[in-house]
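Have a look at final27.pdb; it's PDB, C-alpha atoms:
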MODEL        1
ATOM      1  CA  MET A 567      -6.088 -28.668 -19.675
ATOM      2  CA  GLU A 568      -5.051 -28.646 -23.334
ATOM      3  CA  SER A 569      -8.546 -29.815 -24.303
ATOM      4  CA  GLN A 570     -10.131 -27.133 -22.132
ATOM      5  CA  LEU A 571      -8.052 -24.472 -23.869
ATOM      6  CA  GLN A 572      -9.016 -25.749 -27.332
ATOM      7  CA  ALA A 573     -12.704 -25.811 -26.393
ATOM      8  CA  ALA A 574     -12.526 -22.302 -24.946
ATOM      9  CA  ASP A 575     -10.753 -21.049 -28.096
ATOM     10  CA  SER A 576     -13.471 -22.599 -30.287
ATOM     11  CA  ARG A 577     -16.279 -20.984 -28.293
ATOM     12  CA  TYR A 578     -14.487 -17.631 -28.413
ATOM     13  CA  MET A 579     -13.995 -17.817 -32.196
ATOM     14  CA  GLN A 580     -17.691 -18.689 -32.654
ATOM     15  CA  ALA A 581     -18.806 -15.853 -30.381
ATOM     16  CA  LYS A 582     -16.457 -13.452 -32.163
ATOM     17  CA  GLU A 583     -17.860 -14.397 -35.595
ATOM     18  CA  ASN A 584     -21.424 -13.952 -34.282
ATOM     19  CA  ALA A 585     -20.506 -10.526 -32.924
ATOM     20  CA  VAL A 586     -18.988  -9.485 -36.286
ATOM     21  CA  ALA A 587     -22.060 -10.734 -38.190
ATOM     22  CA  SER A 588     -24.446  -8.920 -35.828
ATOM     23  CA  LYS A 589     -22.490  -5.708 -36.203
ATOM     24  CA  GLU A 590     -22.510  -5.904 -40.004
ATOM     25  CA  LYS A 591     -26.237  -6.625 -40.017
ATOM     26  CA  TYR A 592     -26.935  -3.647 -37.771
ATOM     27  CA  GLN A 593     -24.753  -1.388 -39.930
ATOM     28  CA  ARG A 594     -26.645  -2.472 -43.080
ATOM     29  CA  LEU A 595     -30.037  -1.941 -41.446
ATOM     30  CA  LYS A 596     -28.957   1.422 -40.132
ATOM     31  CA  GLU A 597     -27.845   2.441 -43.626
ATOM     32  CA  ALA A 598     -31.087   1.158 -45.139
ATOM     33  CA  ALA A 599     -33.144   2.973 -42.492
ATOM     34  CA  LYS A 600     -32.073   6.259 -44.062
ATOM     35  CA  GLU A 601     -34.666   5.533 -46.748
ATOM     36  CA  PRO A 602     -38.061   6.293 -45.130
ATOM     37  CA  GLY A 603     -40.253   3.245 -44.682
ATOM     38  CA  SER A 604     -37.674   0.652 -45.700
ATOM     39  CA  VAL A 605     -36.814  -0.560 -42.160
ATOM     40  CA  SER A 606     -39.071  -0.482 -39.151
ATOM     41  CA  PRO A 607     -37.685   1.125 -35.948
ATOM     42  CA  LEU A 608     -38.420  -2.079 -34.020
ATOM     43  CA  GLU A 609     -36.282  -4.157 -36.380
ATOM     44  CA  LEU A 610     -33.442  -1.660 -36.054
ATOM     45  CA  ASP A 611     -33.674  -1.735 -32.244
ATOM     46  CA  ASN A 612     -33.636  -5.537 -32.242
ATOM     47  CA  ALA A 613     -30.524  -5.536 -34.434
ATOM     48  CA  LEU A 614     -28.794  -3.084 -32.084
ATOM     49  CA  ALA A 615     -29.665  -5.209 -29.058
ATOM     50  CA  LYS A 616     -28.454  -8.356 -30.839
ATOM     51  CA  MET A 617     -25.155  -6.655 -31.719
ATOM     52  CA  LYS A 618     -24.547  -5.604 -28.102
ATOM     53  CA  ALA A 619     -25.442  -9.057 -26.748
ATOM     54  CA  ASP A 620     -23.153 -10.837 -29.193
ATOM     55  CA  ASP A 621     -20.310  -8.404 -28.425
ATOM     56  CA  ALA A 622     -20.733  -9.030 -24.691
ATOM     57  CA  MET A 623     -20.740 -12.780 -25.299
ATOM     58  CA  ALA A 624     -17.509 -12.496 -27.301
ATOM     59  CA  ARG A 625     -15.823 -10.552 -24.490
ATOM     60  CA  SER A 626     -17.020 -13.141 -21.970
ATOM     61  CA  GLU A 627     -15.582 -16.003 -24.005
ATOM     62  CA  SER A 628     -12.326 -14.061 -24.383
ATOM     63  CA  SER A 629     -12.068 -13.805 -20.574
ATOM     64  CA  ILE A 630     -12.634 -17.544 -20.251
ATOM     65  CA  VAL A 631      -9.810 -18.213 -22.713
ATOM     66  CA  ALA A 632      -7.497 -15.932 -20.687
ATOM     67  CA  SER A 633      -8.480 -17.737 -17.492
ATOM     68  CA  VAL A 634      -7.770 -21.164 -18.978
ATOM     69  CA  ARG A 635      -4.416 -19.906 -20.297
ATOM     70  CA  THR A 636      -3.557 -18.683 -16.786
ATOM     71  CA  MET A 637      -4.363 -22.091 -15.322
ATOM     72  CA  GLN A 638      -2.353 -23.787 -18.064
ATOM     73  CA  ASP A 639       0.614 -21.566 -17.182
ATOM     74  CA  TYR A 640       0.835 -23.394 -13.835
ATOM     75  CA  LEU A 641       2.230 -26.334 -15.819
ATOM     76  CA  ASN A 642       5.444 -24.303 -16.156
ATOM     77  CA  ILE A 643       7.730 -24.056 -13.127
ATOM     78  CA  ARG A 644       9.776 -20.865 -13.174
ATOM     79  CA  ALA A 645      12.794 -20.470 -10.918
ATOM     80  CA  PRO A 646      12.888 -17.295  -8.789
ATOM     81  CA  PHE A 647      16.644 -17.050  -9.391
ATOM     82  CA  ASP A 648      19.379 -18.543 -11.557
ATOM     83  CA  GLY A 649      20.942 -21.670 -10.148
ATOM     84  CA  MET A 650      21.314 -25.425 -10.397
ATOM     85  CA  ILE A 651      18.782 -28.129  -9.543
ATOM     86  CA  ILE A 652      20.470 -30.321  -6.936
ATOM     87  CA  GLN A 653      17.519 -32.534  -6.050
ATOM     88  CA  ARG A 654      14.480 -33.732  -7.992
ATOM     89  CA  ASN A 655      11.741 -35.576  -6.124
ATOM     90  CA  VAL A 656       9.286 -36.107  -9.002
ATOM     91  CA  SER A 657       9.621 -37.650 -12.440
ATOM     92  CA  PRO A 658       8.082 -36.381 -15.697
ATOM     93  CA  GLY A 659       4.446 -37.441 -15.919
ATOM     94  CA  ALA A 660       3.918 -37.725 -12.164
ATOM     95  CA  LEU A 661       0.755 -36.141 -10.749
ATOM     96  CA  VAL A 662       1.693 -33.370  -8.336
ATOM     97  CA  ALA A 663      -0.752 -31.682  -5.980
ATOM     98  CA  PRO A 664      -0.279 -29.706  -2.748
ATOM     99  CA  GLY A 665      -0.433 -31.615   0.537
ATOM    100  CA  LYS A 666      -0.909 -35.068  -0.947
ATOM    101  CA  GLY A 667       0.914 -37.202   1.586
ATOM    102  CA  THR A 668       4.375 -35.682   1.239
ATOM    103  CA  ASP A 669       6.142 -32.555   2.385
ATOM    104  CA  LEU A 670       8.983 -32.891  -0.109
ATOM    105  CA  PRO A 671       9.373 -30.128  -2.690
ATOM    106  CA  MET A 672       9.317 -31.115  -6.344
ATOM    107  CA  LEU A 673      12.735 -29.582  -6.956
ATOM    108  CA  ILE A 674      15.500 -27.985  -4.915
ATOM    109  CA  LEU A 675      17.310 -25.139  -6.631
ATOM    110  CA  GLN A 676      20.586 -23.734  -5.360
ATOM    111  CA  ASP A 677      22.574 -20.588  -6.082
ATOM    112  CA  ILE A 678      26.021 -20.815  -4.481
ATOM    113  CA  ARG A 679      27.549 -17.588  -5.799
ATOM    114  CA  LYS A 680      26.984 -16.058  -2.357
ATOM    115  CA  LEU A 681      26.736 -18.199   0.765
ATOM    116  CA  ARG A 682      25.785 -17.419   4.343
ATOM    117  CA  LEU A 683      28.161 -18.527   7.082
ATOM    118  CA  GLU A 684      26.149 -19.062  10.265
ATOM    119  CA  VAL A 685      27.843 -18.799  13.653
ATOM    120  CA  TYR A 686      26.155 -19.289  17.026
ATOM    121  CA  ILE A 687      27.499 -17.092  19.827
ATOM    122  CA  PRO A 688      27.056 -18.455  23.390
ATOM    123  CA  GLU A 689      24.955 -16.365  25.744
ATOM    124  CA  ASP A 690      27.978 -15.334  27.833
ATOM    125  CA  PHE A 691      29.561 -13.558  24.856
ATOM    126  CA  VAL A 692      26.642 -12.070  22.898
ATOM    127  CA  ASP A 693      27.228  -8.597  24.344
ATOM    128  CA  LYS A 694      30.948  -8.687  23.527
ATOM    129  CA  VAL A 695      30.819  -9.357  19.768
ATOM    130  CA  ASP A 696      32.376  -6.511  17.777
ATOM    131  CA  LEU A 697      30.030  -6.162  14.798
ATOM    132  CA  LYS A 698      32.249  -3.600  13.058
ATOM    133  CA  GLN A 699      35.489  -5.560  12.722
ATOM    134  CA  GLN A 700      36.400  -8.152  10.106
ATOM    135  CA  VAL A 701      35.808 -11.809  10.941
ATOM    136  CA  LYS A 702      38.478 -14.357  10.034
ATOM    137  CA  PHE A 703      37.485 -17.911   9.115
ATOM    138  CA  THR A 704      39.035 -21.045   7.675
ATOM    139  CA  PHE A 705      37.072 -23.905   6.137
ATOM    140  CA  ASN A 706      37.990 -27.348   7.412
ATOM    141  CA  ALA A 707      38.106 -28.700   3.866
ATOM    142  CA  MET A 708      40.634 -26.017   2.876
ATOM    143  CA  PRO A 709      43.125 -25.664   5.741
ATOM    144  CA  GLY A 710      45.518 -22.754   5.572
ATOM    145  CA  GLN A 711      43.279 -20.608   3.361
ATOM    146  CA  GLU A 712      42.085 -17.926   5.761
ATOM    147  CA  GLN A 713      39.346 -15.599   4.544
ATOM    148  CA  THR A 714      37.900 -12.398   5.959
ATOM    149  CA  ALA A 715      34.470 -10.791   5.808
ATOM    150  CA  LYS A 716      32.200  -8.582   7.873
ATOM    151  CA  ILE A 717      29.266  -9.708   9.975
ATOM    152  CA  SER A 718      26.215  -9.071   7.796
ATOM    153  CA  ARG A 719      23.420  -9.524  10.309
ATOM    154  CA  SER A 720      22.645 -10.815  13.795
ATOM    155  CA  ALA A 721      19.477 -12.353  15.209
ATOM    156  CA  ASN A 722      19.425 -10.101  18.311
ATOM    157  CA  ALA A 723      17.710 -12.957  20.123
ATOM    158  CA  LEU A 724      18.739 -16.195  21.811
ATOM    159  CA  GLY A 725      17.722 -19.487  20.281
ATOM    160  CA  SER A 726      16.836 -22.797  21.884
ATOM    161  CA  MET A 727      20.510 -23.524  22.621
ATOM    162  CA  ARG A 728      20.898 -20.233  24.533
ATOM    163  CA  SER A 729      22.974 -18.739  21.741
ATOM    164  CA  GLU A 730      22.590 -15.908  19.237
ATOM    165  CA  ALA A 731      22.939 -16.559  15.515
ATOM    166  CA  ILE A 732      25.010 -14.229  13.374
ATOM    167  CA  GLU A 733      25.444 -14.452   9.611
ATOM    168  CA  ILE A 734      28.433 -13.614   7.421
ATOM    169  CA  ASP A 735      27.972 -13.243   3.665
ATOM    170  CA  VAL A 736      30.725 -15.137   1.822
ATOM    171  CA  GLN A 737      31.332 -14.505  -1.881
ATOM    172  CA  ASN A 738      31.793 -17.738  -3.838
ATOM    173  CA  GLN A 739      31.998 -16.676  -7.465
ATOM    174  CA  ASN A 740      34.400 -19.486  -8.369
ATOM    175  CA  GLY A 741      32.120 -22.121  -6.810
ATOM    176  CA  ILE A 742      34.835 -23.717  -4.662
ATOM    177  CA  LEU A 743      32.789 -23.545  -1.451
ATOM    178  CA  LYS A 744      29.878 -25.939  -1.044
ATOM    179  CA  PRO A 745      26.788 -25.529   1.157
ATOM    180  CA  GLY A 746      27.096 -27.468   4.408
ATOM    181  CA  MET A 747      30.848 -27.000   4.845
ATOM    182  CA  TYR A 748      32.138 -26.397   8.367
ATOM    183  CA  ALA A 749      34.482 -23.553   9.218
ATOM    184  CA  GLU A 750      36.527 -22.356  12.161
ATOM    185  CA  VAL A 751      35.673 -18.716  12.830
ATOM    186  CA  LYS A 752      37.560 -16.101  14.839
ATOM    187  CA  ILE A 753      35.041 -13.561  16.128
ATOM    188  CA  PRO A 754      36.433 -10.176  17.228
ATOM    189  CA  MET A 755      35.321  -9.377  20.753
ATOM    190  CA  LEU A 756      34.964  -6.220  22.800
ATOM    191  CA  SER A 757      36.665  -6.357  26.186
ATOM    192  CA  GLY A 758      34.909  -4.777  29.151
ATOM    193  CA  ALA A 759      36.529  -1.657  30.601
ATOM    194  CA  LYS A 760      36.380  -3.037  34.170
ATOM    195  CA  SER A 761      37.457  -6.589  33.447
ATOM    196  CA  LEU A 762      40.528  -8.194  35.020
ATOM    197  CA  LEU A 763      43.069 -10.557  33.483
ATOM    198  CA  VAL A 764      44.640 -13.465  35.339
ATOM    199  CA  PRO A 765      47.201 -16.048  34.169
ATOM    200  CA  ASN A 766      45.634 -19.134  32.647
ATOM    201  CA  ASN A 767      47.304 -21.392  35.221
ATOM    202  CA  ALA A 768      45.672 -19.442  38.049
ATOM    203  CA  ILE A 769      42.177 -20.725  37.177
ATOM    204  CA  ILE A 770      40.975 -23.984  38.684
ATOM    205  CA  ARG A 771      38.134 -25.688  36.833
ATOM    206  CA  SER A 772      35.959 -28.494  38.139
ATOM    207  CA  THR A 773      32.529 -29.883  37.334
ATOM    208  CA  GLU A 774      31.040 -27.773  40.132
ATOM    209  CA  ARG A 775      32.810 -24.436  39.906
ATOM    210  CA  GLU A 776      35.544 -22.246  38.472
ATOM    211  CA  TYR A 777      37.683 -20.272  40.908
ATOM    212  CA  VAL A 778      40.999 -18.670  41.648
ATOM    213  CA  ILE A 779      42.906 -18.742  44.948
ATOM    214  CA  ALA A 780      43.551 -15.327  46.443
ATOM    215  CA  VAL A 781      45.785 -14.655  49.451
ATOM    216  CA  LYS A 782      44.110 -12.406  52.026
ATOM    217  CA  ASP A 783      45.630 -11.746  55.447
ATOM    218  CA  GLY A 784      48.073 -14.576  54.880
ATOM    219  CA  LYS A 785      45.334 -17.131  54.210
ATOM    220  CA  ALA A 786      44.025 -18.759  51.035
ATOM    221  CA  ALA A 787      40.585 -17.603  49.876
ATOM    222  CA  LEU A 788      38.754 -19.452  47.105
ATOM    223  CA  ILE A 789      37.098 -16.848  44.827
ATOM    224  CA  ASP A 790      34.447 -18.045  42.365
ATOM    225  CA  ILE A 791      34.868 -16.449  38.966
ATOM    226  CA  LYS A 792      33.267 -16.423  35.540
ATOM    227  CA  GLU A 793      35.525 -16.595  32.502
ATOM    228  CA  GLY A 794      35.448 -14.077  29.680
ATOM    229  CA  LEU A 795      37.778 -13.709  26.730
ATOM    230  CA  SER A 796      40.865 -15.902  26.588
ATOM    231  CA  ARG A 797      44.335 -15.137  25.256
ATOM    232  CA  HIS A 798      47.373 -17.334  24.839
ATOM    233  CA  ASP A 799      48.648 -16.570  28.370
ATOM    234  CA  SER A 800      45.759 -14.911  30.240
ATOM    235  CA  THR A 801      41.996 -15.003  30.650
ATOM    236  CA  GLU A 802      39.443 -12.327  31.407
ATOM    237  CA  VAL A 803      37.595 -13.083  34.666
ATOM    238  CA  PHE A 804      34.635 -11.661  36.553
ATOM    239  CA  GLY A 805      34.045 -12.152  40.235
ATOM    240  CA  ASN A 806      34.807 -10.810  43.707
ATOM    241  CA  LEU A 807      38.228  -9.604  42.671
ATOM    242  CA  LYS A 808      39.823  -6.196  42.272
ATOM    243  CA  ALA A 809      43.029  -4.858  40.820
ATOM    244  CA  ASN A 810      46.242  -5.632  42.746
ATOM    245  CA  ASP A 811      44.733  -8.602  44.600
ATOM    246  CA  ILE A 812      47.311 -11.319  45.254
ATOM    247  CA  ILE A 813      46.438 -14.692  43.700
ATOM    248  CA  LEU A 814      48.309 -17.956  43.247
ATOM    249  CA  LYS A 815      49.833 -18.070  39.789
ATOM    250  CA  ASN A 816      50.069 -21.879  39.639
ATOM    251  CA  ALA A 817      46.940 -22.856  41.538
ATOM    252  CA  SER A 818      45.918 -26.372  42.541
ATOM    253  CA  ASP A 819      42.696 -27.877  43.822
ATOM    254  CA  GLU A 820      44.719 -29.345  46.703
ATOM    255  CA  VAL A 821      44.836 -25.889  48.291
ATOM    256  CA  LYS A 822      41.939 -25.556  50.728
ATOM    257  CA  GLU A 823      40.159 -22.531  52.111
ATOM    258  CA  GLY A 824      42.145 -20.957  54.947
ATOM    259  CA  THR A 825      45.533 -22.478  54.121
ATOM    260  CA  ARG A 826      48.249 -20.181  55.452
ATOM    261  CA  TYR A 827      50.754 -18.454  53.165
TER     262      TYR A 827
ENDMDL
END
Just give me the structure of the file as structure tokens.
Amino acid sequence: MESQLQAADSRYMQAKENAVASKEKYQRLKEAAKEPGSVSPLELDNALAKMKADDAMARSESSIVASVRTMQDYLNIRAPFDGMIIQRNVSPGALVAPGKGTDLPMLILQDIRKLRLEVYIPEDFVDKVDLKQQVKFTFNAMPGQEQTAKISRSANALGSMRSEAIEIDVQNQNGILKPGMYAEVKIPMLSGAKSLLVPNNAIIRSTEREYVIAVKDGKAALIDIKEGLSRHDSTEVFGNLKANDIILKNASDEVKEGTRY
């Protein structure tokens, strides 16, 4: 590519000199033509045509030089942002071409001044996430250092794991946080207006179902439920329950349907 640029420069310089010489010759003939009979009109026309042709050739060679310089500029790799190279997959002097047997990038550049914390919300809770409140999170590598930030964006779609991705922008000006760190995140949730709370001990969980035991007409009734938000002493539940229903506070799977109370 260096040789191509030198050759293109040489051709351009030659074409430029020819264009200058043709212009000077035409100017002299034009000046001499002021004296009647000294220069024939045909000779003057030929000089004008030669000047225009040489000028066009010089411009053409100039475009070729610019094109070669543009191609040569591909030898320089410019980063789209300031950062640090954390991985280099080629060595100086290696021939690099697109799609030649490897999908690895030549370099990996990283800017860690602002990181994205990704959290995946299970399908059962995607409609309960409060996008306006602050999120609290603690990185496993730095226990006890709780941080807060707002949810920056959400996918508004479920992924392959039946969960919705949300992102939290985390400022990292001091560079303490590293990409790939894990964090424990407390997501603020919205509680449904018609939801019911039951004591945690009232819920019976098995591999087949989740249920509570209600007492109706003096008999035990097993009511299937779906869990919502949990607190330290109670859990939000959804199912065939209504306010003021009587349920067993300390339920057991030994209690069967129809047991008298």
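Pairwise distance (CA of Arg635 (chain A), CA of Arg577 (chain A)) equals 14.3 Å.
Proximity to Glu712 (chain A) was assessed for A:Glu750, A:Asp799, A:Glu730, A:Glu627 counting all atoms listed in the file; the smallest distance is recorded for A:Glu750.
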Selection under test: the PyMOL selection byres ((chain A and resi 787) around 10); residues as a PyMOL selection string: chain A and resi 777-786+788-790+813+821-826
Name the residues that the PyMOL selection byres ((chain A and resi 798) around 12) picks from the file above, as a PyMOL selection string, using the file's chain letters and numbers. chain A and resi 763-767+795-797+799-802
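Each of A:Leu641, A:Met617, A:Leu814, A:Lys582 was checked against Leu661 (chain A) using only C-alpha atoms; the smallest atom-to-atom distance is that of A:Leu641.
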Expand the PyMOL selection byres ((chain A and resi 595) around 10) into the individual residues it matches in the shown file, reporting them as a ChimeraX atom specification. /A:589-594,596-600,604-607,609-611,613-614
Residue neighbourhood Ser761 (chain A), 12 Å, all atoms listed in the file, exclusion window fewer than 2 positions, as a PyMOL selection string: chain A and resi 756-759+763-764+791-795+801-809
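Coordinates place CA of Glu733 (chain A) at a distance of 23.2 Å from CA of Met650 (chain A).
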Quick one: what's the axis-aligned box for region 697-706 of chain A, all listed atoms, 8 Å on every side, centre and edges in Å to one decimal, as JSON?
{"center_x": 34.5, "center_y": -15.5, "center_z": 10.5, "size_x": 25.0, "size_y": 39.7, "size_z": 24.7}
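Checking A:Phe691, A:Pro602, A:Gln638, A:Ser626 one by one against Met567 (chain A), counting all atoms listed in the file, you find the shortest gap at A:Gln638.
Pairwise distance (CA of Tyr578 (chain A), CA of Ser633 (chain A)) equals 12.5 Å.
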Pick from A:Ala581, A:Met755, A:Phe647, A:Glu568 nearest to Val634 (chain A), counting all atoms listed in the file: A:Glu568
Have a look at A:Val631, A:Leu608, A:Ala715, A:Ala817 and name the one nearest to Val736 (chain A); count all atoms listed in the file. A:Ala715
